[in-house]
Amino acid sequence: MPATQVPRNLDVDRLLSHHRLMWRIRAFEEAALQANTEKLVLGAIHPSIGQEAIAVGVCGNLNRDDILSSTHRGHGHTLAKGADARAMMRELLGREGGTSHGKGGSMHIADFAVGMLGANGVVAANIHITAGAAHAIKLRGENRVACSIFGDGAINRGPFLEGLNWAKVFDLPALFVCEDNGFASTTRTAAMTGGPGPAARAESLGVPAVEVDGNDVLAVDEAAREAVAAIRAGGGPRFIVAKTYRLTGHTAADAAPYRPQDEVTEAWKREPIARLAQALADAGVKGEVLAGHERDAREEMDAVYADAKAAPWPPLSRGFEDVQDAGDPREGAF
Amino acid sequence: MATMTYAEAGKQALAEEMRRDPLVWAVGEDLGRGGVFGQYKGLVEEFGPLRISDAPISEAAILGASVGAAMTGTRPVVEMRFADFALCAVDELINQAAKARFMFGGQTKVPLVVREPMGMWRSSAAQHSQSLEGWYTHIPGLVVVCPATPADNKGLLKTAIRSDDPVVYFEHKNMWALEGEVPDEDVTIPFGVARTAREGRDLTIVSWSATVHAATEAAGTLAGEGIEAEVIDLRTLWPWDRDAVFASVARTGRLLVAHEAVQVGGFGAEVAATVAEHCFKALRAPVRRLGSPRVPIAYAPPLEDLLRVTPDKIAEAARALVAA
């Protein structure tokens, strides 16, 4: 296992908090995968197992009133931004009490109360939305940051160019994070990407970029801390590439036969939670404390799942609510 | 009342709303120089470059960033330059703006106006001439507005800016210089309320945007022949004023829908089908539609003219309806 660099001034309390949150994300997604197996989570579900350090390291540097937008693989980001796991799981099961009353599901998980402007079903679409949120922050003269986390597949869509250029020319308080897990759906991103990759593309637009080990929560935390500080100081947009590995398939339904098993086995040896646990153990944290985080997280998410299973479907009237103010959404309906 | 052009009326509406609400701002290519049709001229001097903002030629970013800015508490007015160019931002409008409120369970709204100059104008050929308003009526979440007069361009744009819904706002390029009386005071025009451009008892002509004027001209010709056509300007296609159309058809028993857009799948089909469903007993003749043939718009004027819904064509269709 590659050692996580443990600086002398290790902030153990902060890392313990990260460890606890990473376990909550892992346990949430394992419960969601269980729900998918039991046919209670319907449609596509995109796990971020193995990528938790990025969600935690980035969001640990955002305030509640900062903005975050995410991708279809957004459970971890949403939890890390502070959303309520119970409302999220209800949303995944399409139940009343879900963050969006069961109208969005996993792919559109959102919690505007904590500044989480939604996971997005369209790759790269959230880059524009974050650029615009940052634009609004600037227009309103506020000291907030808007952050977008997207995958490596997104760098081959137009919004990557248009959105980063936008943030640069308008000098916006925007943080762009590319969660580079190596796969764009079921295709290796490298096979479909020209040139030296995301950081070079961002730099070519004048957006300072750094590349970090995305499975090392300390490294992500540190990169995000520096980037957010620079943005808050008026430095304009920043870009972070966090290299990781998607330990599951693209969706729960994807067994990912397109990659060799030993590659996955090797990747599990680098997964971020165990690496952080090792670093904390090296710093003297007792094993029972770390095990307690896992146990607490699993208990919490088991309860969250049980709650969601018991929750009712949304009333049918929800199907006609929040369409728009103008006109009658029932017009033309049966 | 003051006399002003359709373009000036739109500019006045935007300026008044920007003075009223500091969260209203406009963004688009070339706005700092007044916009490509001059419809923003002088605004940057009053409001500054932050609120009358230039933009890179990045239609998807212009619209997509405006969605994010609308969800973060501002009210963007987005200039798309040509309706045709808005097609570069279809995901941002259809998948993002139109759906965010519903998809997120009412956690957000997207108060956004997307101005899309439309229609045939100065031999602009296939990629700068289209009338695509019907497309957007198909998308839940959007409002679709097609003002036909300077007064309506002011009153409807003010309503659009105050709306919490994303509004697709079609200004016809051939009407920029059209003059008309416009109220001086703060007048808004509600969505979904049609305007009777001319009263008549023999047939109902439903139209919107520039074709309203062709219909009104046709009605003048028809009056000389003893045929009194009622011309209804829908003003907004979603929501649309079904009651006004039903009431008129109940009186006249005949309906002609005329629009510049391609007839196949155009919004005229929605009006015709709705009237057929609800007013069958009142109809004294089959409903008739007039729209463009399903052909891209050509550059050469005689070829372009082949596609125009002209006053002559409207009058001819009206005569046939009344004779049926």
# chains A, B, ... in the order shown; residues from 1 in each chain; ligands from 1
>>> select_by_dssp(residues="region 24-190 of chain B", states="strand (DSSP E or B)", output="PyMOL selection string")
chain B and resi 24-27+52-53+75-79+113-118+143-145+167-172+179-182
>>> interface_residues(of="chain A", to="chain B", cutoff="7 Å", atoms="only C-alpha atoms", output="PDB file with C-alpha atoms, in the first residue's frame")
ATOM      1  CA  SER A 100     -36.755  16.257  -4.299  1.00  0.00           C
ATOM      2  CA  HIS A 101     -39.938  14.417  -3.253  1.00  0.00           C
ATOM      3  CA  LYS A 103     -38.906  13.325  -8.529  1.00  0.00           C
ATOM      4  CA  GLY A 104     -35.202  13.247  -9.300  1.00  0.00           C
ATOM      5  CA  HIS A 108     -30.501  14.235  -9.882  1.00  0.00           C
ATOM      6  CA  ALA A 110     -29.698  17.792  -4.885  1.00  0.00           C
ATOM      7  CA  PHE A 112     -30.168  23.455  -2.327  1.00  0.00           C
ATOM      8  CA  HIS A 128     -21.741  25.698 -17.013  1.00  0.00           C
ATOM      9  CA  ILE A 129     -24.073  25.751 -14.058  1.00  0.00           C
ATOM     10  CA  THR A 130     -21.190  26.277 -11.675  1.00  0.00           C
ATOM     11  CA  ALA A 131     -19.680  28.979 -13.881  1.00  0.00           C
ATOM     12  CA  GLY A 132     -23.064  30.713 -13.780  1.00  0.00           C
ATOM     13  CA  ALA A 133     -23.403  30.321 -10.026  1.00  0.00           C
ATOM     14  CA  HIS A 135     -21.111  34.649 -12.032  1.00  0.00           C
ATOM     15  CA  ALA A 136     -24.108  35.341  -9.800  1.00  0.00           C
ATOM     16  CA  PRO A 159     -18.834  22.819 -21.664  1.00  0.00           C
ATOM     17  CA  GLU A 162     -16.741  27.005 -22.769  1.00  0.00           C
ATOM     18  CA  GLY A 163     -17.266  26.890 -19.013  1.00  0.00           C
ATOM     19  CA  ASP A 322     -43.315  22.490  -9.655  1.00  0.00           C
ATOM     20  CA  VAL A 323     -43.599  22.271 -13.428  1.00  0.00           C
ATOM     21  CA  GLN A 324     -43.958  26.019 -13.983  1.00  0.00           C
ATOM     22  CA  ASP A 325     -46.043  28.983 -12.904  1.00  0.00           C
ATOM     23  CA  ALA A 326     -47.530  29.777 -16.321  1.00  0.00           C
ATOM     24  CA  GLY A 327     -50.205  27.573 -17.798  1.00  0.00           C
TER      25      GLY A 327
END
>>> residues_around(residues="Met116 (chain A)", least_positions_apart="5", cutoff="6 Å", atoms="only C-alpha atoms", output="PDB file with N, CA and C atoms, in the first residue's frame")
ATOM      1  N   ILE A  67     -21.269  26.950  -3.227  1.00  0.00           N
ATOM      2  CA  ILE A  67     -22.089  26.198  -4.175  1.00  0.00           C
ATOM      3  C   ILE A  67     -21.317  24.977  -4.663  1.00  0.00           C
ATOM      4  N   LEU A  68     -22.052  23.892  -4.833  1.00  0.00           N
ATOM      5  CA  LEU A  68     -21.465  22.691  -5.421  1.00  0.00           C
ATOM      6  C   LEU A  68     -22.419  22.134  -6.469  1.00  0.00           C
ATOM      7  N   SER A  69     -21.869  21.700  -7.595  1.00  0.00           N
ATOM      8  CA  SER A  69     -22.677  20.940  -8.547  1.00  0.00           C
ATOM      9  C   SER A  69     -21.909  19.681  -8.896  1.00  0.00           C
ATOM     10  N   ALA A 110     -29.986  16.366  -5.092  1.00  0.00           N
ATOM     11  CA  ALA A 110     -29.698  17.792  -4.885  1.00  0.00           C
ATOM     12  C   ALA A 110     -30.166  18.195  -3.506  1.00  0.00           C
ATOM     13  N   ASP A 111     -29.483  19.158  -2.941  1.00  0.00           N
ATOM     14  CA  ASP A 111     -29.964  19.745  -1.692  1.00  0.00           C
ATOM     15  C   ASP A 111     -29.561  21.216  -1.681  1.00  0.00           C
TER      16      ASP A 111
END
>>> closest_atom_pairs(of="region 103-204 of chain B", to="region 226-232 of chain B", cutoff="10 Å", atoms="only C-alpha atoms", output="CSV")
residue,atom,partner,partner_atom,distance
B:Ala194,CA,B:Ile232,CA,6.7
B:Arg195,CA,B:Ile232,CA,5.9
B:Thr196,CA,B:Ile232,CA,4.6
B:Ala197,CA,B:Val231,CA,5.3
B:Arg198,CA,B:Val231,CA,5.0
B:Glu199,CA,B:Glu230,CA,4.4
B:Gly200,CA,B:Glu230,CA,4.1
B:Arg201,CA,B:Glu228,CA,5.6
B:Asp202,CA,B:Glu228,CA,5.2
B:Leu203,CA,B:Ala229,CA,5.0
B:Thr204,CA,B:Glu230,CA,4.8
>>> select_by_dssp(residues="region 106-247 of chain A", states="alpha helix (DSSP H)", output="PyMOL selection string")
chain A and resi 125-139+158-169+198-204+217-232
>>> write_last_selection(atoms="C-alpha atoms", output="mmCIF file, in the first residue's frame")
data_model
loop_
_atom_site.group_PDB
_atom_site.id
_atom_site.type_symbol
_atom_site.label_atom_id
_atom_site.label_comp_id
_atom_site.auth_asym_id
_atom_site.auth_seq_id
_atom_site.Cartn_x
_atom_site.Cartn_y
_atom_site.Cartn_z
ATOM 1 C CA ALA A 125 -23.544 20.169 -17.967
ATOM 2 C CA ASN A 126 -22.742 21.086 -14.368
ATOM 3 C CA ILE A 127 -19.602 22.958 -15.466
ATOM 4 C CA HIS A 128 -21.741 25.698 -17.013
ATOM 5 C CA ILE A 129 -24.073 25.751 -14.058
ATOM 6 C CA THR A 130 -21.190 26.277 -11.675
ATOM 7 C CA ALA A 131 -19.680 28.979 -13.881
ATOM 8 C CA GLY A 132 -23.064 30.713 -13.780
ATOM 9 C CA ALA A 133 -23.403 30.321 -10.026
ATOM 10 C CA ALA A 134 -19.956 31.899 -9.672
ATOM 11 C CA HIS A 135 -21.111 34.649 -12.032
ATOM 12 C CA ALA A 136 -24.108 35.341 -9.800
ATOM 13 C CA ILE A 137 -21.835 35.410 -6.736
ATOM 14 C CA LYS A 138 -19.677 38.026 -8.438
ATOM 15 C CA LEU A 139 -22.672 40.101 -9.560
ATOM 16 C CA GLY A 158 -17.875 21.474 -25.088
ATOM 17 C CA PRO A 159 -18.834 22.819 -21.664
ATOM 18 C CA PHE A 160 -15.336 22.021 -20.396
ATOM 19 C CA LEU A 161 -13.886 24.525 -22.871
ATOM 20 C CA GLU A 162 -16.741 27.005 -22.769
ATOM 21 C CA GLY A 163 -17.266 26.890 -19.013
ATOM 22 C CA LEU A 164 -13.608 27.194 -17.995
ATOM 23 C CA ASN A 165 -13.063 29.958 -20.525
ATOM 24 C CA TRP A 166 -16.149 31.711 -19.166
ATOM 25 C CA ALA A 167 -14.895 31.510 -15.593
ATOM 26 C CA LYS A 168 -11.507 32.837 -16.685
ATOM 27 C CA VAL A 169 -12.630 35.767 -18.813
ATOM 28 C CA PRO A 198 -7.236 17.856 -18.350
ATOM 29 C CA ALA A 199 -4.631 19.916 -16.478
ATOM 30 C CA ALA A 200 -2.933 21.033 -19.683
ATOM 31 C CA ARG A 201 -6.274 21.925 -21.202
ATOM 32 C CA ALA A 202 -7.175 24.064 -18.189
ATOM 33 C CA GLU A 203 -3.754 25.725 -18.190
ATOM 34 C CA SER A 204 -4.157 26.545 -21.880
ATOM 35 C CA VAL A 217 -7.477 12.639 1.213
ATOM 36 C CA LEU A 218 -4.650 14.713 2.710
ATOM 37 C CA ALA A 219 -3.423 15.631 -0.746
ATOM 38 C CA VAL A 220 -6.906 16.512 -1.970
ATOM 39 C CA ASP A 221 -7.641 18.475 1.187
ATOM 40 C CA GLU A 222 -4.426 20.443 0.826
ATOM 41 C CA ALA A 223 -4.910 21.162 -2.882
ATOM 42 C CA ALA A 224 -8.490 22.250 -2.307
ATOM 43 C CA ARG A 225 -7.477 24.414 0.653
ATOM 44 C CA GLU A 226 -4.915 26.263 -1.455
ATOM 45 C CA ALA A 227 -7.250 26.598 -4.423
ATOM 46 C CA VAL A 228 -10.198 27.852 -2.384
ATOM 47 C CA ALA A 229 -7.966 30.329 -0.531
ATOM 48 C CA ALA A 230 -6.692 31.693 -3.839
ATOM 49 C CA ILE A 231 -10.225 31.964 -5.201
ATOM 50 C CA ARG A 232 -11.524 33.700 -2.074
#
